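Student: Quick one, start_15.tsv (TSV, C-alpha atoms):
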```
chain	number	residue	atom	x	y	z
A	290	MET	CA	15.26	-39.15	10.76
A	291	SER	CA	15.93	-36.93	7.76
A	292	GLY	CA	17.23	-33.57	9.00
A	293	PRO	CA	16.23	-31.62	12.11
A	294	ARG	CA	12.59	-31.12	13.13
A	295	ILE	CA	10.82	-28.33	15.07
A	296	GLU	CA	8.01	-28.91	17.53
A	297	LEU	CA	6.27	-25.89	19.05
A	298	VAL	CA	3.86	-25.92	21.98
A	299	LYS	CA	1.70	-23.45	20.02
A	300	TRP	CA	1.95	-22.47	16.38
A	301	GLY	CA	-0.30	-19.44	16.82
A	302	LEU	CA	1.05	-16.83	19.26
A	303	ALA	CA	0.00	-13.49	20.61
A	304	PRO	CA	2.56	-10.68	20.14
A	305	GLY	CA	4.96	-10.50	23.08
A	306	SER	CA	4.19	-14.04	24.29
A	307	MET	CA	6.79	-16.82	24.68
A	308	ILE	CA	7.51	-19.18	21.82
A	309	GLN	CA	8.26	-22.52	23.41
A	310	GLY	CA	9.37	-25.56	21.54
A	311	ARG	CA	12.05	-28.11	20.92
A	312	VAL	CA	14.34	-29.14	18.12
A	313	LEU	CA	15.03	-32.81	17.40
A	314	TRP	CA	17.78	-34.27	15.25
A	315	ASP	CA	19.56	-37.54	14.64
A	316	ARG	CA	22.49	-37.53	17.07
A	317	ARG	CA	24.33	-40.14	15.01
A	318	GLU	CA	24.23	-37.79	12.04
A	319	LEU	CA	24.64	-34.35	13.69
A	320	GLN	CA	26.72	-33.37	16.72
A	321	PRO	CA	26.14	-29.62	17.09
A	322	GLU	CA	27.69	-27.50	19.83
A	323	MET	CA	25.11	-24.79	19.32
A	324	VAL	CA	21.65	-24.59	17.81
A	325	GLU	CA	20.58	-21.32	16.27
A	326	VAL	CA	16.91	-20.31	16.18
A	327	ARG	CA	15.90	-17.51	13.80
A	328	LEU	CA	12.57	-15.80	13.55
A	329	PHE	CA	11.71	-13.44	10.68
A	330	TRP	CA	8.79	-12.11	8.63
A	331	HIS	CA	8.54	-11.84	4.89
A	332	THR	CA	5.87	-10.74	2.46
A	333	ALA	CA	4.24	-12.81	-0.23
A	334	GLY	CA	1.77	-11.82	-2.93
A	335	ALA	CA	1.55	-9.52	-5.91
A	336	GLY	CA	4.23	-7.03	-4.86
A	337	GLY	CA	7.99	-7.24	-4.63
A	338	LYS	CA	9.23	-9.35	-1.74
A	339	ASP	CA	10.22	-7.70	1.53
A	340	GLN	CA	11.85	-9.48	4.44
A	341	GLY	CA	12.48	-8.40	8.00
A	342	ALA	CA	15.84	-8.67	9.72
A	343	PRO	CA	15.86	-11.96	11.69
A	344	ILE	CA	15.64	-12.15	15.46
A	345	GLN	CA	18.15	-14.86	16.33
A	346	GLU	CA	19.28	-16.66	19.43
A	347	GLN	CA	21.89	-19.37	19.97
A	348	PHE	CA	21.42	-22.20	22.44
A	349	PRO	CA	24.31	-24.43	23.66
A	350	VAL	CA	23.82	-28.17	23.29
A	351	GLY	CA	25.05	-30.86	25.73
A	352	VAL	CA	27.37	-33.54	24.31
A	353	GLY	CA	25.64	-36.48	22.65
A	354	LEU	CA	22.13	-35.04	22.84
A	355	GLY	CA	19.55	-35.29	20.03
A	356	GLU	CA	17.15	-32.63	21.17
A	357	LEU	CA	17.00	-29.13	22.64
A	358	ALA	CA	14.19	-27.24	24.35
A	359	PHE	CA	14.12	-23.53	23.66
A	360	SER	CA	12.01	-20.48	24.29
A	361	MET	CA	12.10	-16.95	22.90
A	362	MET	CA	9.87	-13.92	22.91
A	363	ALA	CA	7.48	-13.38	20.01
A	364	PRO	CA	7.89	-9.83	18.65
A	365	ASN	CA	5.11	-7.23	18.81
A	366	GLY	CA	4.73	-7.09	15.08
A	367	PRO	CA	4.05	-7.04	12.28
A	368	TYR	CA	1.03	-9.29	12.62
A	369	SER	CA	0.61	-12.29	10.36
A	370	PHE	CA	-1.68	-11.00	7.64
A	371	SER	CA	-3.63	-12.35	4.71
A	372	GLY	CA	-5.11	-9.95	2.17
A	373	LYS	CA	-5.91	-9.81	-1.51
A	374	LEU	CA	-2.54	-8.49	-2.70
A	375	LEU	CA	-0.31	-9.02	0.28
A	376	SER	CA	0.43	-11.63	2.93
A	377	ILE	CA	2.80	-11.21	5.86
A	378	VAL	CA	4.24	-14.53	6.95
A	379	TRP	CA	6.33	-15.37	10.02
A	380	THR	CA	8.88	-18.16	9.72
A	381	ILE	CA	10.95	-19.92	12.36
A	382	GLU	CA	14.22	-21.40	11.13
A	383	VAL	CA	16.47	-23.69	13.14
A	384	VAL	CA	20.08	-24.33	12.17
A	385	VAL	CA	21.64	-27.52	13.56
A	386	ALA	CA	25.28	-27.85	12.47
A	387	THR	CA	25.13	-28.02	8.67
A	388	GLN	CA	21.40	-28.55	8.35
A	389	SER	CA	18.42	-26.29	8.81
A	390	VAL	CA	14.65	-26.49	8.84
A	391	ARG	CA	11.96	-23.84	8.41
A	392	GLU	CA	8.36	-23.77	9.51
A	393	MET	CA	5.67	-21.11	9.35
A	394	LEU	CA	3.98	-19.83	12.47
A	395	VAL	CA	1.37	-17.20	13.20
A	396	ILE	CA	1.90	-14.08	15.31
A	397	GLY	CA	-1.22	-12.02	15.78
A	398	PRO	CA	-3.87	-10.95	18.26
A	399	GLY	CA	-5.20	-14.03	20.03
A	400	GLY	CA	-2.65	-16.14	18.18
A	401	ARG	CA	-4.55	-15.68	14.93
A	402	GLU	CA	-3.65	-14.23	11.56
A	403	VAL	CA	-5.43	-11.01	10.52
A	404	VAL	CA	-7.54	-11.84	7.49
A	405	VAL	CA	-9.27	-9.03	5.63
A	406	GLY	CA	-12.20	-9.14	3.27
A	407	HIS	CA	-12.36	-6.84	0.28
A	408	GLU	CA	-14.87	-4.53	-1.23
A	409	ALA	CA	-15.49	-4.62	-4.97
A	410	SER	CA	-13.33	-1.97	-6.59
B	214	MET	CA	16.09	-6.98	4.25
B	215	THR	CA	14.65	-4.42	6.61
B	216	SER	CA	14.68	-4.16	10.36
B	217	ASN	CA	11.88	-1.63	10.58
B	218	TRP	CA	8.34	-2.23	9.39
B	219	ARG	CA	6.72	0.61	11.32
B	220	PRO	CA	5.77	3.58	9.14
B	221	GLU	CA	7.44	6.86	9.94
B	222	GLY	CA	5.54	10.05	10.61
B	223	ALA	CA	3.37	9.30	13.62
B	224	PRO	CA	1.36	12.35	14.62
B	225	ASP	CA	3.62	15.07	15.91
B	226	ALA	CA	2.93	17.42	18.78
B	227	SER	CA	0.70	19.62	16.64
B	228	LEU	CA	-1.47	16.62	15.64
B	229	VAL	CA	-1.70	17.85	12.06
B	230	LEU	CA	-1.84	15.26	9.26
B	231	ASP	CA	0.19	15.85	6.12
B	232	PRO	CA	-1.31	15.21	2.69
B	233	ALA	CA	0.17	12.61	0.35
B	234	SER	CA	3.12	13.98	-1.62
B	235	ARG	CA	2.53	16.21	-4.65
B	236	VAL	CA	5.87	15.21	-6.17
B	237	THR	CA	4.43	11.98	-7.62
B	238	HIS	CA	1.53	13.91	-9.08
B	239	GLY	CA	3.93	16.40	-10.68
B	240	CYS	CA	5.87	13.52	-12.28
B	241	TYR	CA	2.62	12.04	-13.60
B	242	THR	CA	1.64	15.39	-15.16
B	243	THR	CA	5.06	15.75	-16.77
B	244	PHE	CA	4.82	12.20	-18.14
B	245	LEU	CA	1.36	12.95	-19.58
B	246	LEU	CA	2.61	16.19	-21.14
B	247	ILE	CA	5.57	14.50	-22.85
B	248	PHE	CA	3.39	11.63	-24.07
B	249	ALA	CA	0.77	14.11	-25.34
B	250	ILE	CA	3.39	16.13	-27.27
B	251	LEU	CA	4.88	13.00	-28.86
B	252	THR	CA	1.53	11.48	-29.82
B	253	ASN	CA	0.01	14.69	-31.16
B	254	GLY	CA	3.29	15.73	-32.78
B	255	ALA	CA	3.26	12.55	-34.84
B	256	ALA	CA	-0.46	12.04	-35.50
B	257	TRP	CA	-1.69	15.55	-36.41
B	258	PRO	CA	0.97	16.45	-39.06
B	259	ALA	CA	0.36	13.07	-40.70
B	260	ALA	CA	-3.41	13.67	-40.67
B	261	MET	CA	-3.04	17.17	-42.15
B	262	LYS	CA	-0.74	15.94	-44.87
B	263	LEU	CA	-3.24	13.23	-45.71
B	264	GLY	CA	-6.09	15.76	-45.77
B	265	VAL	CA	-4.23	17.98	-48.25
B	266	ARG	CA	-3.50	14.99	-50.47
B	267	LEU	CA	-7.15	13.87	-50.49
B	268	ARG	CA	-8.40	17.41	-51.20
B	269	GLU	CA	-6.10	17.81	-54.16
B	270	SER	CA	-7.37	14.42	-55.33
B	271	GLN	CA	-4.48	13.75	-57.72
B	272	GLU	CA	-4.37	10.04	-56.92
B	273	SER	CA	-5.76	7.06	-58.77
B	274	ALA	CA	-8.73	5.13	-57.31
B	275	SER	CA	-6.46	2.53	-55.66
B	276	GLY	CA	-4.26	5.30	-54.28
B	277	GLN	CA	-7.31	6.99	-52.76
B	278	ILE	CA	-8.39	3.73	-51.06
B	279	GLY	CA	-4.93	3.46	-49.58
B	280	SER	CA	-5.11	7.05	-48.31
B	281	TRP	CA	-8.53	6.48	-46.70
B	282	ALA	CA	-7.24	3.29	-45.07
B	283	PHE	CA	-4.29	5.26	-43.70
B	284	GLY	CA	-6.76	7.86	-42.45
B	285	LEU	CA	-8.73	5.18	-40.61
B	286	PHE	CA	-5.49	3.87	-39.13
B	287	LEU	CA	-4.68	7.38	-37.85
B	288	LEU	CA	-8.04	7.89	-36.13
B	289	PRO	CA	-7.24	6.04	-32.84
B	290	PHE	CA	-3.95	7.98	-32.54
B	291	LEU	CA	-5.75	11.29	-33.06
B	292	ALA	CA	-8.31	10.29	-30.40
B	293	LEU	CA	-5.51	9.25	-28.04
B	294	GLY	CA	-3.78	12.58	-28.64
B	295	ILE	CA	-6.94	14.56	-27.78
B	296	TRP	CA	-7.53	12.40	-24.69
B	297	LEU	CA	-3.94	12.95	-23.54
B	298	ILE	CA	-4.27	16.73	-23.92
B	299	TRP	CA	-7.46	16.62	-21.79
B	300	GLN	CA	-5.79	14.41	-19.17
B	301	THR	CA	-2.76	16.72	-19.02
B	302	ILE	CA	-4.98	19.78	-18.51
B	303	CYS	CA	-6.98	17.94	-15.79
B	304	SER	CA	-3.86	16.65	-14.07
B	305	PHE	CA	-2.28	20.13	-14.12
B	306	ALA	CA	-5.45	21.75	-12.82
B	307	THR	CA	-5.93	19.30	-9.95
B	308	GLN	CA	-2.52	20.26	-8.60
B	309	TRP	CA	-4.00	23.65	-7.76
B	310	TYR	CA	-6.93	22.20	-5.87
B	311	PRO	CA	-6.90	23.28	-2.24
B	312	VAL	CA	-5.38	21.16	0.52
B	313	PRO	CA	-7.44	21.21	3.70
B	314	ARG	CA	-5.75	21.44	7.06
B	315	ILE	CA	-6.46	18.30	9.09
B	316	GLU	CA	-6.16	18.34	12.87
B	317	LEU	CA	-6.64	15.39	15.18
B	318	GLY	CA	-8.23	15.69	18.60
B	319	GLU	CA	-6.12	15.94	21.74
B	320	VAL	CA	-7.29	12.45	22.72
B	321	VAL	CA	-4.87	11.02	20.12
B	322	ARG	CA	-1.92	12.54	21.96
B	323	ALA	CA	-3.28	11.31	25.30
B	324	GLU	CA	-3.52	7.75	23.94
B	325	GLY	CA	-0.01	7.92	22.48
B	326	GLY	CA	-1.12	7.77	18.86
B	327	ILE	CA	-3.94	6.27	16.83
B	328	ARG	CA	-4.67	2.73	17.99
B	329	ALA	CA	-6.93	-0.02	16.73
B	330	GLY	CA	-10.26	0.44	18.44
B	331	SER	CA	-9.74	4.14	19.15
B	332	LYS	CA	-12.25	6.87	18.44
B	333	PHE	CA	-11.17	10.49	17.97
B	334	PRO	CA	-12.35	13.76	16.47
B	335	VAL	CA	-10.87	15.13	13.26
B	336	ARG	CA	-11.32	18.73	12.21
B	337	TRP	CA	-10.72	20.04	8.70
B	338	THR	CA	-10.42	23.58	7.37
B	339	PHE	CA	-10.22	24.76	3.77
B	340	GLU	CA	-8.30	28.00	3.94
B	341	GLU	CA	-8.67	28.77	0.23
B	342	ARG	CA	-10.58	27.88	-2.98
B	343	ALA	CA	-13.25	25.77	-1.28
B	344	GLY	CA	-15.78	27.44	-3.59
B	345	LEU	CA	-14.46	25.36	-6.51
B	346	PHE	CA	-16.49	22.42	-5.23
B	347	ARG	CA	-20.16	21.59	-5.06
B	348	SER	CA	-19.97	18.87	-2.40
B	349	LEU	CA	-17.53	16.96	-0.24
B	350	SER	CA	-17.36	13.37	1.03
B	351	VAL	CA	-15.10	12.17	3.81
B	352	SER	CA	-14.21	8.55	4.53
B	353	VAL	CA	-11.74	6.41	6.42
B	354	VAL	CA	-10.01	3.87	4.20
B	355	GLY	CA	-7.82	0.88	5.04
B	356	LEU	CA	-5.89	-0.54	2.12
B	357	GLU	CA	-3.10	-2.80	0.94
B	358	GLU	CA	-0.65	-1.28	-1.51
B	359	VAL	CA	2.02	-3.22	-3.36
B	360	GLN	CA	4.66	-2.22	-5.88
B	361	THR	CA	5.98	-4.57	-8.48
B	362	LEU	CA	8.15	-4.36	-11.56
B	363	ARG	CA	6.41	-5.15	-14.85
B	364	GLY	CA	9.11	-5.03	-17.48
B	365	THR	CA	10.80	-1.73	-16.72
B	366	ASP	CA	7.73	-0.09	-15.14
B	367	LEU	CA	7.19	0.13	-11.40
B	368	VAL	CA	3.48	-0.57	-11.01
B	369	THR	CA	1.52	0.22	-7.84
B	370	GLU	CA	-1.63	-1.75	-7.04
B	371	ARG	CA	-4.13	-1.03	-4.32
B	372	SER	CA	-6.90	-3.01	-2.73
B	373	VAL	CA	-9.26	-1.46	-0.20
B	374	PHE	CA	-10.30	-3.71	2.68
B	375	HIS	CA	-12.07	-1.16	4.85
B	376	ARG	CA	-14.11	1.92	3.98
B	377	ASN	CA	-16.23	3.88	6.39
B	378	LEU	CA	-18.08	6.79	4.82
B	379	LEU	CA	-18.30	9.53	7.45
B	380	ILE	CA	-19.85	12.31	5.38
B	381	GLU	CA	-21.40	12.05	1.95
B	382	GLY	CA	-22.15	14.97	-0.34
B	383	ALA	CA	-21.90	17.77	2.21
B	384	THR	CA	-22.59	21.12	0.55
B	385	SER	CA	-21.32	23.31	3.38
B	386	PHE	CA	-17.80	22.19	4.06
B	387	ARG	CA	-15.37	25.09	4.43
B	388	GLN	CA	-14.68	23.56	7.82
B	389	GLY	CA	-16.07	20.58	9.64
B	390	LEU	CA	-15.66	18.00	12.34
B	391	VAL	CA	-16.06	14.23	12.16
B	392	THR	CA	-15.48	11.39	14.59
B	393	VAL	CA	-13.20	8.69	13.23
B	394	SER	CA	-13.45	5.12	14.55
B	395	ILE	CA	-10.73	2.59	13.85
B	396	PRO	CA	-12.06	-0.99	14.19
B	397	GLN	CA	-10.92	-2.95	17.24
B	398	ASP	CA	-9.56	-5.76	15.04
B	399	ALA	CA	-7.85	-3.41	12.55
B	400	MET	CA	-4.56	-4.48	11.03
B	401	PRO	CA	-1.94	-1.94	12.21
B	402	SER	CA	-0.10	0.15	9.64
B	403	PHE	CA	2.82	-1.61	7.98
B	404	GLN	CA	5.49	-0.16	5.73
B	405	ALA	CA	8.18	-2.04	3.88
B	406	ARG	CA	10.06	-1.27	0.68
B	407	HIS	CA	7.51	-2.73	-1.77
B	408	ASN	CA	4.46	-3.33	0.39
B	409	ARG	CA	2.37	-1.38	2.82
B	410	ILE	CA	-0.84	-1.45	4.79
B	411	ALA	CA	-2.15	2.06	5.22
B	412	TRP	CA	-5.04	3.82	6.88
B	413	MET	CA	-6.13	7.12	5.37
B	414	LEU	CA	-8.59	9.89	5.78
B	415	ARG	CA	-9.86	10.41	2.24
B	416	MET	CA	-11.63	13.56	1.07
B	417	GLU	CA	-13.39	13.72	-2.28
B	418	GLY	CA	-14.69	17.01	-3.65
B	419	VAL	CA	-17.07	17.22	-6.62
B	420	PRO	CA	-16.18	20.29	-8.71
B	421	ARG	CA	-18.79	22.84	-9.75
B	422	VAL	CA	-17.62	22.61	-13.38
B	423	ARG	CA	-19.05	19.52	-15.09
B	424	PHE	CA	-16.61	16.88	-16.40
B	425	TRP	CA	-13.82	18.49	-14.41
B	426	PRO	CA	-11.87	15.90	-12.34
B	427	MET	CA	-12.74	15.19	-8.71
B	428	MET	CA	-10.55	16.49	-5.94
B	429	VAL	CA	-9.08	13.56	-4.03
B	430	ARG	CA	-6.95	14.25	-0.98
B	431	GLU	CA	-5.56	11.48	1.20
B	432	PHE	CA	-4.07	11.89	4.64
B	433	VAL	CA	-2.18	8.93	6.05
B	434	MET	CA	-2.97	7.96	9.65
B	435	ILE	CA	-0.48	5.70	11.40
B	436	VAL	CA	-2.56	3.06	13.19
B	437	GLU	CA	-0.86	1.09	15.92
B	438	ALA	CA	-1.96	-2.12	17.59
B	439	ALA	CA	-4.63	-1.92	20.27
B	440	SER	CA	-3.01	-1.39	23.67
B	441	ASN	CA	-4.43	-4.69	25.04
B	442	SER	CA	-3.14	-6.97	22.24
```
What does the file become when written as structure tokens?
Tutor:
Amino acid sequence: MSGPRIELVKWGLAPGSMIQGRVLWDRRELQPEMVEVRLFWHTAGAGGKDQGAPIQEQFPVGVGLGELAFSMMAPNGPYSFSGKLLSIVWTIEVVVATQSVREMLVIGPGGREVVVGHEAS
Amino acid sequence: MTSNWRPEGAPDASLVLDPASRVTHGCYTTFLLIFAILTNGAAWPAAMKLGVRLRESQESASGQIGSWAFGLFLLPFLALGIWLIWQTICSFATQWYPVPRIELGEVVRAEGGIRAGSKFPVRWTFEERAGLFRSLSVSVVGLEEVQTLRGTDLVTERSVFHRNLLIEGATSFRQGLVTVSIPQDAMPSFQARHNRIAWMLRMEGVPRVRFWPMMVREFVMIVEAASNS
């Protein structure tokens, strides 16, 4: 295995619902005492980049284990968004000892991103 | 990095919406004025000097060709100077356009703010100078707005993703009442340092004087997520 890996039960979540998943790593390579899970939004697109302060939780790990199940509450917003000039993207980052991994997830009504069409301007 | 993405300024107890700031507009007018002075201050003296030289006609044939070529070169700068003067006058004048008073219905307070899917009455009143305009249109607009640095300039770009025309070309508009509907699946308002998603009540007045600039007034409405999402 090359670095830690995240598996989520659902990658699209409604605001305020539980994010449930697990982190897997090579126990011969990494022996963490704690695993940190961070959740944050950032913008992408034509404008300058903005990033939200991360919501982070630490989970203790039993000795010799190579995986950890975790759950945390999805925030109420902002929703994942895709527009013409701006996208709002949620990212989950897991730090296992010296290594980390990031994956994108969707937080929005019905577990879906808000996508907007555009009028000709 | 920011911890807050919710826009400030949710409707207060009086339920009156504030217009977009005039400070930015004042800066734009000042910028136009300075640019107009610089452009005209350089182009017109050069053009007058050239005119005197051509009228006196002391130059050789090749010298006259050179002067005419310089005259042609000056033309776009003279046109730009005139355009800038017009834009400065328009920009200055639009600052004195009236600002209507916008009041939201009590239902907004009862629902704890404007939510996706909500429907509420909005009343407007022009307390002064409404007679400057021939007609008025009112719409609800949802837009993305981003700011980016291009060189040393901070550029703002907008893209409208929702427009609902509530009234078009009304000729009697000193005061009025409309019902605003925010779509059920509307993206809630979002505000960060360089990016925002905004919902606005937009009023456009067509002036009685031809070629005079339109009145555009925007009133930001803070839209929150639907209560069931």
Student: Find the residues in chain B near chain A: any atom within 8 Å counts, using only C-alpha atoms. Write them as a list in words.
Tutor: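 The contacting residues on chain B are Met214, Thr215, Ser216, Asn217, Trp218, Glu357, Glu358, Val359, Gln360, Thr361, Leu362, Arg371, Ser372, Val373, Phe374, His375, Met400, Pro401, Phe403, Ala405, Arg406, His407, Asn408 and Ser442 of chain B.
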Student: Using all atoms listed in the file, can you tell me which of A:Met323, A:Val384, A:Val378, A:Met307 comes closest to Gly351 (chain A)?
Tutor: A:Met323
Student: CA of Glu417 (chain B) and CA of Val312 (chain B), how far apart in Å?
Tutor: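 According to the coordinates, CA of Val312 (chain B) and CA of Glu417 (chain B) are separated by 11.3 Å.
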Student: Find the residues around Glu356 (chain A) up to 10 Å (all atoms listed in the file counted), leave out those fewer than 6 positions away in its own chain, and share them as a VMD selection string.
Tutor: chain A and resid 293 to 295 311 to 316 324 350
Student: Would you work out the distance separating CA of Arg421 (chain B) from CA of Pro334 (chain B), expressed in Å to one decimal?
Tutor: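 These atoms are spaced 28.5 Å apart.
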Student: Please report the interatomic distance between CA of Leu291 (chain B) and CA of Ala255 (chain B) in Å with one decimal.
Tutor: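 Those two atoms sit 9.3 Å apart.
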Student: As lines of an AutoDock Vina configuration file, what would the box around region 368-378 of chain B look like: edges along x, y and z, 4 Å added on every side, centre and edge lengths in Å to one decimal?
Tutor:
```
center_x = -7.3
center_y = 1.5
center_z = -2.3
size_x = 29.6
size_y = 18.5
size_z = 25.4
```
Student: Of the candidates B:Arg266, B:Arg387, B:Arg409, B:Arg336, which one gets nearest to Pro311 (chain B) if we count all atoms listed in the file?
Tutor: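 That would be B:Arg387, the residue with the smallest distance to Pro311 (chain B).
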Student: List as a VMD selection string: which residues have an atom within 12 Å of (2.5, 11.3, -32.4), counting only C-alpha atoms?
Tutor: chain B and resid 247 to 260 287 to 295 297
Student: Select, from A:Leu328, A:Gly292, A:Gln309, A:Leu302, the residue with the minimum atom-to-atom distance to Ala358 (chain A), counting all atoms listed in the file.
Tutor: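 The shortest atom-to-atom distance to Ala358 (chain A) comes from A:Gln309.
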Student: Could you check which of B:Ser273, B:Ser352, B:Leu414, B:Tyr310 is closest to Leu230 (chain B), using only C-alpha atoms?
Tutor: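 Looking at the shortest contact to Leu230 (chain B), the residue is B:Leu414.
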Student: Find the residues near Arg328 (chain B): any atom within 7 Å, counting only C-alpha atoms, skip ones fewer than 5 places away on the same chain, and give them as a VMD selection string.
Tutor: chain B and resid 436 to 439
Student: My list of candidates is A:Ser360, A:Leu394, A:Gly310, A:Ser389. Which is closest to Val298 (chain A) when distances are computed with only C-alpha atoms?
Tutor: A:Gly310
Student: With distances taken over all atoms listed in the file, which of B:Gln397, B:Thr392, B:Ser402, B:Ser385 is nearest to Gly318 (chain B)?
Tutor: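 The closest residue to Gly318 (chain B) is B:Thr392.
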Student: Please write as a list in words the list of polymer residues whose atoms come within 9 Å of (0.2, -21.3, 14.2), counting all atoms listed in the file and keeping to the coordinates of the file.
Tutor: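 Those residues lying close to the given coordinates are Lys299, Trp300, Gly301, Leu302, Met393, Leu394, Val395, Ile396, Gly400, Arg401 and Glu402 of chain A.
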